[in-house]
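J.: query.tsv is reproduced in full below (TSV, C-alpha atoms and all ligand atoms).
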```tsv
chain	number	residue	atom	x	y	z
M	1	MET	CA	0.00	0.00	0.00
M	2	THR	CA	1.31	3.47	-0.86
M	3	ASP	CA	0.03	4.97	2.38
M	4	SER	CA	-2.36	4.01	5.11
M	5	HIS	CA	-5.26	5.75	3.35
M	6	GLU	CA	-5.14	4.49	-0.20
M	7	VAL	CA	-6.07	0.97	-1.28
M	8	ARG	CA	-5.27	0.38	-4.95
M	9	ILE	CA	-7.62	-1.91	-6.83
M	10	GLY	CA	-7.57	-3.69	-10.18
M	11	ILE	CA	-10.67	-5.11	-11.84
M	12	ILE	CA	-10.50	-8.18	-14.09
M	13	GLY	CA	-13.53	-8.48	-16.38
M	14	SER	CA	-15.41	-5.25	-17.13
M	15	GLY	CA	-18.89	-6.58	-17.97
M	16	GLY	CA	-22.16	-6.18	-16.08
M	17	ILE	CA	-21.20	-6.78	-12.47
M	18	ALA	CA	-17.86	-4.98	-12.71
M	19	GLY	CA	-19.89	-1.77	-12.93
M	20	ALA	CA	-21.41	-2.47	-9.51
M	21	HIS	CA	-17.88	-2.95	-8.11
M	22	ALA	CA	-16.70	0.25	-9.81
M	23	GLU	CA	-19.53	2.37	-8.41
M	24	ARG	CA	-18.88	1.15	-4.87
M	25	TYR	CA	-15.09	1.49	-5.04
M	26	LYS	CA	-15.69	5.12	-6.00
M	27	LYS	CA	-17.68	5.59	-2.80
M	28	VAL	CA	-15.42	3.75	-0.34
M	29	PRO	CA	-13.09	6.35	1.17
M	30	GLY	CA	-9.47	5.76	0.24
M	31	ALA	CA	-10.10	3.11	-2.41
M	32	ARG	CA	-8.88	3.80	-5.93
M	33	VAL	CA	-9.29	1.73	-9.10
M	34	VAL	CA	-5.91	1.88	-10.84
M	35	ALA	CA	-6.27	-0.76	-13.57
M	36	VAL	CA	-8.90	-2.70	-15.49
M	37	ALA	CA	-8.50	-5.74	-17.75
M	38	ASP	CA	-10.94	-7.26	-20.22
M	39	VAL	CA	-10.20	-9.70	-23.01
M	40	ILE	CA	-12.48	-7.79	-25.38
M	41	PRO	CA	-10.30	-5.07	-26.94
M	42	GLY	CA	-11.41	-1.56	-26.02
M	43	ARG	CA	-13.79	-2.68	-23.28
M	44	ALA	CA	-11.49	-1.85	-20.34
M	45	GLU	CA	-10.75	1.61	-21.82
M	46	GLN	CA	-14.48	2.35	-22.19
M	47	PHE	CA	-15.07	1.16	-18.64
M	48	ILE	CA	-12.35	3.43	-17.24
M	49	GLU	CA	-13.84	6.35	-19.10
M	50	ARG	CA	-17.42	5.54	-18.07
M	51	TYR	CA	-16.53	5.46	-14.37
M	52	GLY	CA	-14.02	8.30	-14.55
M	53	PHE	CA	-11.06	6.36	-13.15
M	54	GLU	CA	-8.50	9.01	-13.93
M	55	GLY	CA	-5.00	7.67	-14.57
M	56	ALA	CA	-6.15	4.03	-14.52
M	57	HIS	CA	-4.51	1.71	-17.06
M	58	ALA	CA	-6.42	-0.60	-19.40
M	59	PHE	CA	-5.33	-4.11	-20.43
M	60	THR	CA	-6.59	-6.99	-22.53
M	61	ASP	CA	-4.35	-9.47	-20.69
M	62	HIS	CA	-4.92	-9.73	-16.94
M	63	GLN	CA	-1.36	-11.03	-16.46
M	64	GLU	CA	-0.04	-7.73	-17.79
M	65	MET	CA	-2.39	-5.85	-15.47
M	66	LEU	CA	-1.11	-7.82	-12.50
M	67	LYS	CA	2.41	-6.45	-13.08
M	68	GLU	CA	1.10	-3.05	-11.92
M	69	GLU	CA	1.28	-1.97	-8.30
M	70	MET	CA	-2.02	-2.70	-6.59
M	71	ASP	CA	-3.26	-4.17	-3.33
M	72	GLY	CA	-6.42	-5.99	-4.32
M	73	VAL	CA	-8.24	-7.29	-7.35
M	74	SER	CA	-11.94	-7.77	-8.05
M	75	VAL	CA	-12.38	-10.79	-10.30
M	76	CYS	CA	-15.56	-10.07	-12.27
M	77	THR	CA	-15.19	-12.47	-15.19
M	78	PHE	CA	-17.88	-14.99	-16.15
M	79	ASN	CA	-17.85	-18.31	-14.27
M	80	ALA	CA	-15.59	-20.21	-16.69
M	81	ALA	CA	-12.90	-17.56	-16.18
M	82	HIS	CA	-13.01	-17.28	-12.39
M	83	TYR	CA	-10.20	-19.73	-11.82
M	84	GLN	CA	-7.15	-18.55	-13.80
M	85	PRO	CA	-7.33	-14.81	-13.03
M	86	THR	CA	-7.86	-15.63	-9.34
M	87	ILE	CA	-4.85	-17.95	-9.19
M	88	ASP	CA	-2.73	-15.49	-11.17
M	89	ALA	CA	-3.74	-12.53	-8.97
M	90	LEU	CA	-2.95	-14.42	-5.76
M	91	GLN	CA	0.39	-15.54	-7.19
M	92	ALA	CA	1.13	-11.94	-8.13
M	93	GLY	CA	0.68	-11.07	-4.46
M	94	LYS	CA	-2.72	-9.37	-4.72
M	95	HIS	CA	-5.69	-9.93	-2.42
M	96	VAL	CA	-8.74	-11.16	-4.33
M	97	LEU	CA	-12.44	-10.43	-4.13
M	98	LEU	CA	-13.90	-13.09	-6.41
M	99	GLU	CA	-17.47	-12.85	-7.66
M	100	LYS	CA	-19.87	-15.69	-6.95
M	101	PRO	CA	-20.06	-18.58	-7.64
M	102	MET	CA	-16.64	-19.31	-6.16
M	103	ALA	CA	-15.67	-21.97	-8.70
M	104	VAL	CA	-17.16	-24.24	-11.33
M	105	SER	CA	-15.65	-27.33	-9.71
M	106	LEU	CA	-14.50	-28.38	-6.27
M	107	ALA	CA	-10.99	-29.04	-7.62
M	108	GLN	CA	-10.72	-25.42	-8.78
M	109	GLY	CA	-12.01	-24.13	-5.44
M	110	VAL	CA	-9.51	-26.23	-3.51
M	111	ASP	CA	-6.68	-25.01	-5.70
M	112	MET	CA	-7.72	-21.39	-5.16
M	113	VAL	CA	-7.78	-21.81	-1.37
M	114	ARG	CA	-4.41	-23.58	-1.35
M	115	THR	CA	-2.93	-20.81	-3.48
M	116	ALA	CA	-4.29	-18.15	-1.13
M	117	LYS	CA	-2.76	-19.99	1.82
M	118	ARG	CA	0.56	-20.49	0.12
M	119	THR	CA	0.84	-16.87	-0.95
M	120	GLY	CA	-0.58	-15.44	2.28
M	121	ARG	CA	-3.12	-13.37	0.35
M	122	MET	CA	-6.83	-13.03	1.08
M	123	LEU	CA	-9.42	-14.76	-1.06
M	124	SER	CA	-12.89	-13.39	-0.33
M	125	ILE	CA	-16.00	-14.56	-2.18
M	126	GLY	CA	-18.60	-12.03	-3.33
M	127	PHE	CA	-21.76	-13.21	-1.57
M	128	GLN	CA	-23.23	-9.81	-0.68
M	129	THR	CA	-26.22	-11.71	0.76
M	130	ARG	CA	-24.04	-12.27	3.83
M	131	TYR	CA	-24.66	-8.61	4.66
M	132	ASP	CA	-28.49	-8.93	4.51
M	133	ALA	CA	-29.98	-8.31	7.96
M	134	ASP	CA	-32.20	-11.42	7.78
M	135	VAL	CA	-29.22	-13.64	7.01
M	136	ILE	CA	-27.20	-12.13	9.86
M	137	ASN	CA	-30.13	-12.51	12.26
M	138	ALA	CA	-30.92	-16.08	11.16
M	139	ARG	CA	-27.30	-17.06	11.78
M	140	ARG	CA	-27.38	-15.43	15.23
M	141	ILE	CA	-30.59	-17.25	16.11
M	142	VAL	CA	-29.35	-20.68	15.01
M	143	ALA	CA	-25.93	-20.14	16.64
M	144	SER	CA	-27.66	-19.35	19.94
M	145	GLY	CA	-28.87	-22.97	20.04
M	146	VAL	CA	-32.56	-22.00	20.39
M	147	LEU	CA	-33.50	-24.41	17.58
M	148	GLY	CA	-31.63	-27.32	19.22
M	149	ARG	CA	-30.07	-29.66	16.67
M	150	ILE	CA	-31.10	-28.88	13.08
M	151	TYR	CA	-32.16	-32.11	11.36
M	152	PHE	CA	-33.79	-30.66	8.24
M	153	ALA	CA	-33.53	-27.51	6.16
M	154	GLU	CA	-34.93	-26.42	2.87
M	155	THR	CA	-33.66	-23.61	0.66
M	156	GLY	CA	-33.84	-22.30	-2.87
M	157	GLY	CA	-35.80	-19.94	-4.96
M	158	GLY	CA	-37.33	-19.55	-8.32
M	159	ARG	CA	-38.43	-17.12	-10.95
M	160	ARG	CA	-41.47	-17.59	-13.10
M	161	LYS	CA	-39.64	-16.11	-16.09
M	162	GLY	CA	-36.10	-15.09	-15.32
M	163	ILE	CA	-33.60	-16.61	-17.72
M	164	PRO	CA	-30.72	-14.12	-17.89
M	165	GLY	CA	-29.36	-14.72	-21.41
M	166	GLY	CA	-25.90	-13.42	-22.47
M	167	THR	CA	-22.86	-15.23	-21.08
M	168	PHE	CA	-25.01	-16.83	-18.35
M	169	VAL	CA	-26.69	-19.39	-20.61
M	170	ARG	CA	-23.75	-20.59	-22.67
M	171	ARG	CA	-21.85	-23.54	-21.30
M	172	GLU	CA	-18.48	-22.24	-22.53
M	173	SER	CA	-18.75	-19.08	-20.40
M	174	ALA	CA	-21.12	-20.07	-17.56
M	175	ILE	CA	-20.40	-23.84	-17.22
M	176	GLY	CA	-23.70	-24.18	-15.31
M	177	GLY	CA	-27.05	-22.37	-15.30
M	178	ALA	CA	-29.55	-21.57	-12.55
M	179	ILE	CA	-27.64	-23.56	-9.92
M	180	LEU	CA	-24.33	-21.74	-10.38
M	181	ASP	CA	-26.00	-18.38	-10.98
M	182	ILE	CA	-28.64	-18.04	-8.25
M	183	GLY	CA	-28.67	-21.44	-6.54
M	184	CYS	CA	-25.23	-20.70	-5.10
M	185	TYR	CA	-26.78	-17.90	-2.98
M	186	SER	CA	-29.45	-20.18	-1.52
M	187	ILE	CA	-26.93	-22.88	-0.70
M	188	ASP	CA	-24.48	-20.38	0.79
M	189	THR	CA	-27.17	-18.82	2.97
M	190	ALA	CA	-28.47	-22.16	4.27
M	191	MET	CA	-24.96	-23.48	4.94
M	192	TYR	CA	-23.91	-20.26	6.67
M	193	VAL	CA	-27.03	-20.15	8.86
M	194	MET	CA	-26.49	-23.81	9.83
M	195	GLY	CA	-22.85	-23.18	10.77
M	196	ASN	CA	-21.33	-24.68	7.60
M	197	PRO	CA	-21.77	-28.44	8.26
M	198	LYS	CA	-19.78	-30.86	6.13
M	199	PRO	CA	-21.71	-32.29	3.17
M	200	LEU	CA	-21.58	-36.10	2.89
M	201	THR	CA	-23.71	-37.16	-0.09
M	202	VAL	CA	-25.86	-35.53	-2.76
M	203	SER	CA	-28.71	-36.81	-4.89
M	204	ALA	CA	-29.74	-34.32	-7.55
M	205	VAL	CA	-31.68	-33.66	-10.73
M	206	THR	CA	-31.27	-30.88	-13.31
M	207	SER	CA	-33.34	-30.03	-16.40
M	208	ASP	CA	-33.57	-27.50	-19.24
M	209	HIS	CA	-37.20	-27.45	-20.31
M	210	PHE	CA	-37.51	-23.67	-20.66
M	211	GLY	CA	-34.28	-22.13	-21.96
M	212	LYS	CA	-34.42	-24.13	-25.16
M	213	SER	CA	-38.02	-23.15	-25.91
M	214	PRO	CA	-38.54	-20.39	-28.52
M	215	VAL	CA	-41.05	-18.65	-26.25
M	216	TYR	CA	-38.73	-18.44	-23.24
M	217	SER	CA	-35.62	-17.66	-25.26
M	218	LYS	CA	-37.42	-14.64	-26.70
M	219	GLN	CA	-38.13	-13.44	-23.17
M	220	ALA	CA	-34.62	-13.83	-21.79
M	221	TRP	CA	-33.39	-10.87	-19.77
M	222	GLY	CA	-31.19	-8.77	-21.99
M	223	GLY	CA	-33.03	-10.21	-25.04
M	224	LYS	CA	-31.45	-11.71	-28.14
M	225	MET	CA	-31.08	-15.30	-26.96
M	226	ARG	CA	-31.58	-18.03	-29.53
M	227	PRO	CA	-32.88	-21.39	-28.23
M	228	GLU	CA	-29.66	-23.04	-29.42
M	229	ASP	CA	-27.58	-20.60	-27.31
M	230	PHE	CA	-29.02	-22.18	-24.19
M	231	THR	CA	-26.68	-24.98	-23.13
M	232	VAL	CA	-27.04	-25.05	-19.33
M	233	GLU	CA	-29.77	-26.08	-16.84
M	234	ASP	CA	-32.72	-23.87	-15.88
M	235	PHE	CA	-33.86	-26.07	-12.99
M	236	GLY	CA	-32.11	-28.04	-10.30
M	237	MET	CA	-32.99	-29.79	-7.07
M	238	ALA	CA	-30.99	-31.81	-4.59
M	239	MET	CA	-31.11	-33.69	-1.34
M	240	VAL	CA	-27.88	-33.17	0.56
M	241	ARG	CA	-26.93	-35.32	3.55
M	242	LEU	CA	-24.91	-33.30	6.04
M	243	GLU	CA	-22.77	-34.30	9.00
M	244	GLY	CA	-24.74	-34.42	12.25
M	245	ASP	CA	-27.56	-36.45	10.69
M	246	ALA	CA	-29.08	-33.45	8.95
M	247	VAL	CA	-30.56	-33.07	5.51
M	248	LEU	CA	-30.73	-30.03	3.23
M	249	VAL	CA	-33.22	-29.93	0.36
M	250	PHE	CA	-32.45	-27.39	-2.36
M	251	LYS	CA	-34.55	-26.25	-5.33
M	252	ILE	CA	-33.86	-23.53	-7.88
M	253	ALA	CA	-35.43	-22.40	-11.15
M	254	TRP	CA	-34.77	-19.65	-13.66
M	255	ALA	CA	-38.21	-20.34	-15.12
M	256	MET	CA	-41.21	-22.40	-14.05
M	257	HIS	CA	-44.99	-22.58	-14.10
M	258	ALA	CA	-45.30	-21.44	-10.50
M	259	ASP	CA	-44.59	-18.33	-8.46
M	260	THR	CA	-42.44	-19.92	-5.79
M	261	LEU	CA	-40.72	-23.16	-4.86
M	262	GLY	CA	-41.30	-22.54	-1.17
M	263	ALA	CA	-39.59	-20.85	1.73
M	264	THR	CA	-36.13	-21.26	3.21
M	265	PHE	CA	-36.64	-22.87	6.60
M	266	PHE	CA	-34.79	-24.78	9.29
M	267	LEU	CA	-36.27	-27.49	11.52
M	268	GLY	CA	-34.51	-28.20	14.80
M	269	THR	CA	-35.25	-30.47	17.74
M	270	GLU	CA	-36.20	-27.45	19.88
M	271	GLY	CA	-37.52	-24.97	17.36
M	272	GLY	CA	-37.98	-23.97	13.75
M	273	LEU	CA	-37.19	-20.87	11.72
M	274	ASN	CA	-38.94	-19.77	8.55
M	275	MET	CA	-36.50	-17.33	7.00
M	276	ASP	CA	-38.89	-15.96	4.37
M	277	GLU	CA	-41.15	-14.70	7.12
M	278	MET	CA	-38.52	-14.51	9.87
M	279	ARG	CA	-40.88	-16.50	12.07
M	280	LEU	CA	-39.45	-18.50	14.97
M	281	TYR	CA	-41.42	-21.55	16.18
M	282	ARG	CA	-40.97	-23.08	19.66
M	283	ASP	CA	-42.86	-24.81	22.45
M	284	GLU	CA	-43.67	-22.92	25.60
M	285	PHE	CA	-45.62	-24.49	28.47
M	286	GLU	CA	-45.99	-27.51	26.14
M	287	LEU	CA	-47.81	-25.26	23.68
M	288	GLY	CA	-46.67	-24.40	20.17
M	289	VAL	CA	-45.92	-20.69	19.92
M	290	HIS	CA	-44.28	-18.51	17.35
M	291	THR	CA	-42.53	-15.17	17.36
M	292	ASP	CA	-42.47	-12.85	14.36
M	293	LEU	CA	-39.03	-11.31	14.24
M	294	PRO	CA	-38.32	-8.04	12.45
M	295	LYS	CA	-38.18	-8.80	8.74
M	296	THR	CA	-35.93	-6.65	6.60
M	297	SER	CA	-36.36	-6.50	2.86
M	298	SER	CA	-32.76	-6.77	1.73
M	299	ASN	CA	-31.38	-3.92	-0.32
M	300	TRP	CA	-29.04	-5.36	-2.96
M	301	GLY	CA	-27.16	-2.07	-3.40
M	302	ASP	CA	-26.50	-1.58	0.30
M	303	SER	CA	-25.32	-5.15	0.78
M	304	PHE	CA	-23.11	-4.81	-2.29
M	305	TYR	CA	-21.56	-1.65	-0.88
M	306	ARG	CA	-20.82	-3.43	2.38
M	307	LYS	CA	-19.09	-6.27	0.53
M	308	ILE	CA	-16.77	-3.83	-1.27
M	309	GLU	CA	-16.23	-1.76	1.88
M	310	ALA	CA	-15.39	-4.91	3.89
M	311	PHE	CA	-12.85	-6.04	1.29
M	312	VAL	CA	-11.10	-2.66	1.32
M	313	ALA	CA	-11.15	-2.59	5.13
M	314	ALA	CA	-9.71	-6.12	5.30
M	315	ILE	CA	-6.86	-5.13	2.97
M	316	ARG	CA	-6.12	-2.19	5.21
M	317	ALA	CA	-6.29	-4.30	8.36
M	318	GLY	CA	-4.16	-7.10	6.89
M	319	GLY	CA	-7.05	-9.60	6.97
M	320	PRO	CA	-8.93	-11.78	7.61
M	321	ALA	CA	-10.92	-12.21	4.40
M	322	PRO	CA	-14.51	-11.07	5.05
M	323	ILE	CA	-16.01	-14.16	3.36
M	324	PRO	CA	-13.10	-16.60	3.26
M	325	GLY	CA	-12.80	-18.89	0.25
M	326	GLU	CA	-12.06	-21.77	2.60
M	327	GLU	CA	-15.50	-21.39	4.18
M	328	ILE	CA	-17.18	-21.60	0.76
M	329	LEU	CA	-15.59	-24.96	-0.07
M	330	HIS	CA	-18.47	-26.91	1.50
M	331	SER	CA	-21.08	-25.23	-0.71
M	332	THR	CA	-18.74	-25.46	-3.72
M	333	ALA	CA	-18.49	-29.20	-3.01
M	334	ILE	CA	-22.30	-29.45	-2.87
M	335	ILE	CA	-22.69	-27.75	-6.25
M	336	ASP	CA	-19.95	-29.90	-7.75
M	337	ALA	CA	-21.75	-33.01	-6.45
M	338	ILE	CA	-25.14	-31.78	-7.73
M	339	TYR	CA	-23.84	-31.74	-11.29
M	340	ARG	CA	-22.13	-35.12	-10.87
M	341	SER	CA	-25.24	-36.70	-9.36
M	342	ALA	CA	-27.53	-35.27	-12.03
M	343	GLN	CA	-25.22	-36.60	-14.73
M	344	GLU	CA	-24.91	-40.05	-13.13
M	345	ARG	CA	-28.57	-40.14	-12.09
M	346	SER	CA	-27.63	-41.48	-8.67
M	347	GLU	CA	-26.53	-40.36	-5.21
M	348	VAL	CA	-22.84	-39.39	-5.07
M	349	ARG	CA	-20.35	-39.02	-2.21
M	350	VAL	CA	-18.77	-35.68	-1.37
M	351	GLU	CA	-15.06	-35.80	-0.56
M	352	ILE	CA	-13.32	-32.53	0.20
M	353	PRO	CA	-9.53	-32.73	-0.03
M	354	PRO	CA	-7.60	-31.09	2.82
M	355	VAL	CA	-6.43	-27.55	2.06
H	401	LIG	N1	-22.85	-10.54	-6.91
H	401	LIG	C1	-23.82	-10.32	-7.77
H	401	LIG	O1	-24.90	-9.82	-7.44
H	401	LIG	C2	-23.62	-10.71	-9.21
H	401	LIG	C3	-24.52	-10.24	-10.18
H	401	LIG	C4	-24.29	-10.57	-11.50
H	401	LIG	C5	-23.20	-11.37	-11.85
H	401	LIG	N2	-22.37	-11.85	-10.87
H	401	LIG	C6	-21.24	-12.73	-11.21
H	401	LIG	O2	-20.23	-11.95	-11.83
H	401	LIG	C7	-19.60	-12.68	-12.87
H	401	LIG	C8	-19.62	-11.85	-14.14
H	401	LIG	O3	-20.97	-11.58	-14.49
H	401	LIG	P1	-21.30	-10.41	-15.54
H	401	LIG	O4	-22.77	-10.27	-15.55
H	401	LIG	O5	-20.48	-9.23	-15.25
H	401	LIG	O6	-20.81	-11.14	-16.88
H	401	LIG	P2	-20.40	-10.44	-18.26
H	401	LIG	O7	-20.36	-11.52	-19.26
H	401	LIG	O8	-21.26	-9.23	-18.47
H	401	LIG	O9	-18.91	-9.89	-17.98
H	401	LIG	C9	-17.80	-10.71	-17.89
H	401	LIG	C10	-16.62	-9.96	-18.51
H	401	LIG	O10	-15.43	-10.70	-18.24
H	401	LIG	C11	-14.62	-10.60	-19.41
H	401	LIG	N3	-13.62	-11.67	-19.35
H	401	LIG	C12	-13.79	-13.00	-19.52
H	401	LIG	N4	-12.63	-13.65	-19.33
H	401	LIG	C13	-11.70	-12.72	-19.02
H	401	LIG	C14	-10.31	-12.76	-18.70
H	401	LIG	N5	-9.64	-13.91	-18.65
H	401	LIG	N6	-9.67	-11.60	-18.44
H	401	LIG	C15	-10.33	-10.43	-18.51
H	401	LIG	N7	-11.65	-10.32	-18.81
H	401	LIG	C16	-12.33	-11.45	-19.07
H	401	LIG	C17	-15.61	-10.67	-20.57
H	401	LIG	O11	-15.06	-10.21	-21.77
H	401	LIG	C18	-16.74	-9.81	-20.03
H	401	LIG	O12	-16.56	-8.45	-20.38
H	401	LIG	C19	-20.34	-14.01	-13.00
H	401	LIG	O13	-19.58	-15.03	-12.43
H	401	LIG	C20	-21.63	-13.80	-12.21
H	401	LIG	O14	-22.07	-14.96	-11.54
H	401	LIG	C21	-22.55	-11.50	-9.58
```
Could you rewrite the structure in this file as structure tokens?
Ligand SMILES: NC(=O)c1ccc[n+]([C@@H]2O[C@H](COP(=O)([O-])OP(=O)(O)OC[C@H]3O[C@@H](n4cnc5c(N)ncnc54)[C@H](O)[C@@H]3O)[C@@H](O)[C@H]2O)c1
T.:
Amino acid sequence: MTDSHEVRIGIIGSGGIAGAHAERYKKVPGARVVAVADVIPGRAEQFIERYGFEGAHAFTDHQEMLKEEMDGVSVCTFNAAHYQPTIDALQAGKHVLLEKPMAVSLAQGVDMVRTAKRTGRMLSIGFQTRYDADVINARRIVASGVLGRIYFAETGGGRRKGIPGGTFVRRESAIGGAILDIGCYSIDTAMYVMGNPKPLTVSAVTSDHFGKSPVYSKQAWGGKMRPEDFTVEDFGMAMVRLEGDAVLVFKIAWAMHADTLGATFFLGTEGGLNMDEMRLYRDEFELGVHTDLPKTSSNWGDSFYRKIEAFVAAIRAGGPAPIPGEEILHSTAIIDAIYRSAQERSEVRVEIPPV
């Protein structure tokens, strides 16, 4: 760091979400974006101009960008390109804020965490949902032990018509569809609230009934998606066995003939928590009672700001990573196993190598 006030940042990948990083870095006191890389020629230059990053340098090769002096890097590439820029940035001695999903395979995630450990750099994963008040409160409630031992949880979400299009639906850039895009949030939230138990086995199903249809491809967000562009899944569900004799059921859809796939909830031996309503169920005087906790509608922009602010603060403080990559390995392993199980059409074991 040049002085105790300035944190110099590079951004790799200057597409959609990089703009959200840029806007927040501009607002975090003492943070400065000094370099941007995008493989599409001219894109990084346009980005620098659009956000007014005076004096920032543009690159088409992230390795060249990493030769510059900077403290941290936001990796904002599409899923298929999360791995190499992250490894290269860590090896170049930069701290990394990597967009979700952490990795497209468990092996890549493990390698990232090992590289962070070896280089002594931070690897933080961009789940801004961790800053939502309901998520923080649900974790506090479960950690207090008021639910007893959690034996069952359900999580997920769904959109009636919400196929994103663009790089999100092509296997070569996204690798996976609804599960990697939005399912990763649901799994992260449930795992975090439960205290990150180890996954043991997964039995899963995926399908692609909507993305390939001419009607739904016409309605993709961002438009201009041809049915043949769609090469990932738009639906996924899984039953995950967790250590401690617990089970997590997960469901996600980018499109479906329904409004919702149900709430995120946790059932424990002493109580239950419905996170969609923030309603806590218990017995008192042998009677079933419930308490309605304050429910906060999460504000994406605020949570996003807090994620960027926390990364900058962690760089300044010399760590720890706000959302450590190592902690996300369990949910990365679940997603890896979901795709394996769906492909094999049978339950699969989850083995997480030591890091
Ligand atoms: N946290 C959130 O709320 C949120 C929201 C949207 C997207 N995302 C995540 O952010 C990532 C990017 O999404 P997006 O919507 O910005 O995608 P995008 O396709 O709009 O942008 C990705 C950019 O990365 C560039 N790129 C690819 N490989 C590169 C490389 N090796 N070096 C430099 N640039 C490279 C592409 O040219 C493109 O400009 C995805 O993984 C997505 O899951 C997160």
J.: Using all atoms listed in the file, determine which residues fall within 6 Å of ligand LIG 401 (chain H), then list them as a PDB file with C-alpha atoms, in the coordinates of the input.
T.:
```pdb
ATOM      1  CA  ILE M  12     -10.500  -8.180 -14.090  1.00  0.00           C
ATOM      2  CA  GLY M  13     -13.530  -8.480 -16.380  1.00  0.00           C
ATOM      3  CA  SER M  14     -15.410  -5.250 -17.130  1.00  0.00           C
ATOM      4  CA  GLY M  15     -18.890  -6.580 -17.970  1.00  0.00           C
ATOM      5  CA  GLY M  16     -22.160  -6.180 -16.080  1.00  0.00           C
ATOM      6  CA  ILE M  17     -21.200  -6.780 -12.470  1.00  0.00           C
ATOM      7  CA  ALA M  18     -17.860  -4.980 -12.710  1.00  0.00           C
ATOM      8  CA  ALA M  37      -8.500  -5.740 -17.750  1.00  0.00           C
ATOM      9  CA  ASP M  38     -10.940  -7.260 -20.220  1.00  0.00           C
ATOM     10  CA  VAL M  39     -10.200  -9.700 -23.010  1.00  0.00           C
ATOM     11  CA  ILE M  40     -12.480  -7.790 -25.380  1.00  0.00           C
ATOM     12  CA  HIS M  62      -4.920  -9.730 -16.940  1.00  0.00           C
ATOM     13  CA  CYS M  76     -15.560 -10.070 -12.270  1.00  0.00           C
ATOM     14  CA  THR M  77     -15.190 -12.470 -15.190  1.00  0.00           C
ATOM     15  CA  PHE M  78     -17.880 -14.990 -16.150  1.00  0.00           C
ATOM     16  CA  ASN M  79     -17.850 -18.310 -14.270  1.00  0.00           C
ATOM     17  CA  ALA M  81     -12.900 -17.560 -16.180  1.00  0.00           C
ATOM     18  CA  GLU M  99     -17.470 -12.850  -7.660  1.00  0.00           C
ATOM     19  CA  LYS M 100     -19.870 -15.690  -6.950  1.00  0.00           C
ATOM     20  CA  PRO M 101     -20.060 -18.580  -7.640  1.00  0.00           C
ATOM     21  CA  GLY M 126     -18.600 -12.030  -3.330  1.00  0.00           C
ATOM     22  CA  THR M 167     -22.860 -15.230 -21.080  1.00  0.00           C
ATOM     23  CA  ASP M 181     -26.000 -18.380 -10.980  1.00  0.00           C
TER      24      ASP M 181
END
```
J.: Could you check the closest approach to Val348 in chain M for each of M:Leu147, M:Ala58, M:Val247, M:Met239 and tell me which residue wins, using all atoms listed in the file?
T.: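 For Val348 in chain M, the nearest of the candidates is M:Met239.
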J.: May I ask for the distance between CA of His21 in chain M and CA of Leu97 in chain M, given in Å to one decimal place?
T.: 10.1 Å
J.: Near Leu267 in chain M, counting only C-alpha atoms, which residues have an atom at most 12 Å away, once you skip same-chain residues fewer than 6 positions from it, shown as an NGL selection string?
T.: :M and (142 or 146-155 or 190 or 194 or 246-249 or 273-275 or 279-282)
J.: Which residue gives the smallest distance to Ser297 in chain M among M:Glu284, M:Asp88, M:Glu172, M:Asp134, with all atoms listed in the file counted?
T.: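 The shortest atom-to-atom distance to Ser297 in chain M comes from M:Asp134.
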J.: Excluding Met191 in chain M and any residue of its chain fewer than 3 positions from it, enumerate the residues within 10 Å of it, using only C-alpha atoms, and give them as number ranges by chain.
T.: M: 139, 153, 155, 185-188, 194-199, 242, 248, 327-328, 330-331
J.: Could you write out the selected residues, including C-alpha atoms, as a PDB file, keeping the file's coordinate frame?
T.:
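Output below, filename result_26.pdb:
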```
ATOM      1  CA  ARG M 139     -27.300 -17.060  11.780  1.00  0.00           C
ATOM      2  CA  ALA M 153     -33.530 -27.510   6.160  1.00  0.00           C
ATOM      3  CA  THR M 155     -33.660 -23.610   0.660  1.00  0.00           C
ATOM      4  CA  TYR M 185     -26.780 -17.900  -2.980  1.00  0.00           C
ATOM      5  CA  SER M 186     -29.450 -20.180  -1.520  1.00  0.00           C
ATOM      6  CA  ILE M 187     -26.930 -22.880  -0.700  1.00  0.00           C
ATOM      7  CA  ASP M 188     -24.480 -20.380   0.790  1.00  0.00           C
ATOM      8  CA  MET M 194     -26.490 -23.810   9.830  1.00  0.00           C
ATOM      9  CA  GLY M 195     -22.850 -23.180  10.770  1.00  0.00           C
ATOM     10  CA  ASN M 196     -21.330 -24.680   7.600  1.00  0.00           C
ATOM     11  CA  PRO M 197     -21.770 -28.440   8.260  1.00  0.00           C
ATOM     12  CA  LYS M 198     -19.780 -30.860   6.130  1.00  0.00           C
ATOM     13  CA  PRO M 199     -21.710 -32.290   3.170  1.00  0.00           C
ATOM     14  CA  LEU M 242     -24.910 -33.300   6.040  1.00  0.00           C
ATOM     15  CA  LEU M 248     -30.730 -30.030   3.230  1.00  0.00           C
ATOM     16  CA  GLU M 327     -15.500 -21.390   4.180  1.00  0.00           C
ATOM     17  CA  ILE M 328     -17.180 -21.600   0.760  1.00  0.00           C
ATOM     18  CA  HIS M 330     -18.470 -26.910   1.500  1.00  0.00           C
ATOM     19  CA  SER M 331     -21.080 -25.230  -0.710  1.00  0.00           C
TER      20      SER M 331
END
```
J.: Measuring atom to atom with all atoms listed in the file, identify which of M:Asp229, M:Asp276, M:Glu309, M:Glu243 is nearest to Gly156 in chain M.
T.: M:Asp276
J.: One decimal, Å: what's the distance from CA of Arg160 in chain M over to CA of Pro227 in chain M, could you say?
T.: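 Interatomic distance, CA of Arg160 in chain M to CA of Pro227 in chain M: 17.8 Å.
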J.: Under the rule that all atoms listed in the file are counted, which of M:Gly211, M:Gly166, M:Gly93, M:Gly183 is the nearest residue to Met122 in chain M?
T.: M:Gly93
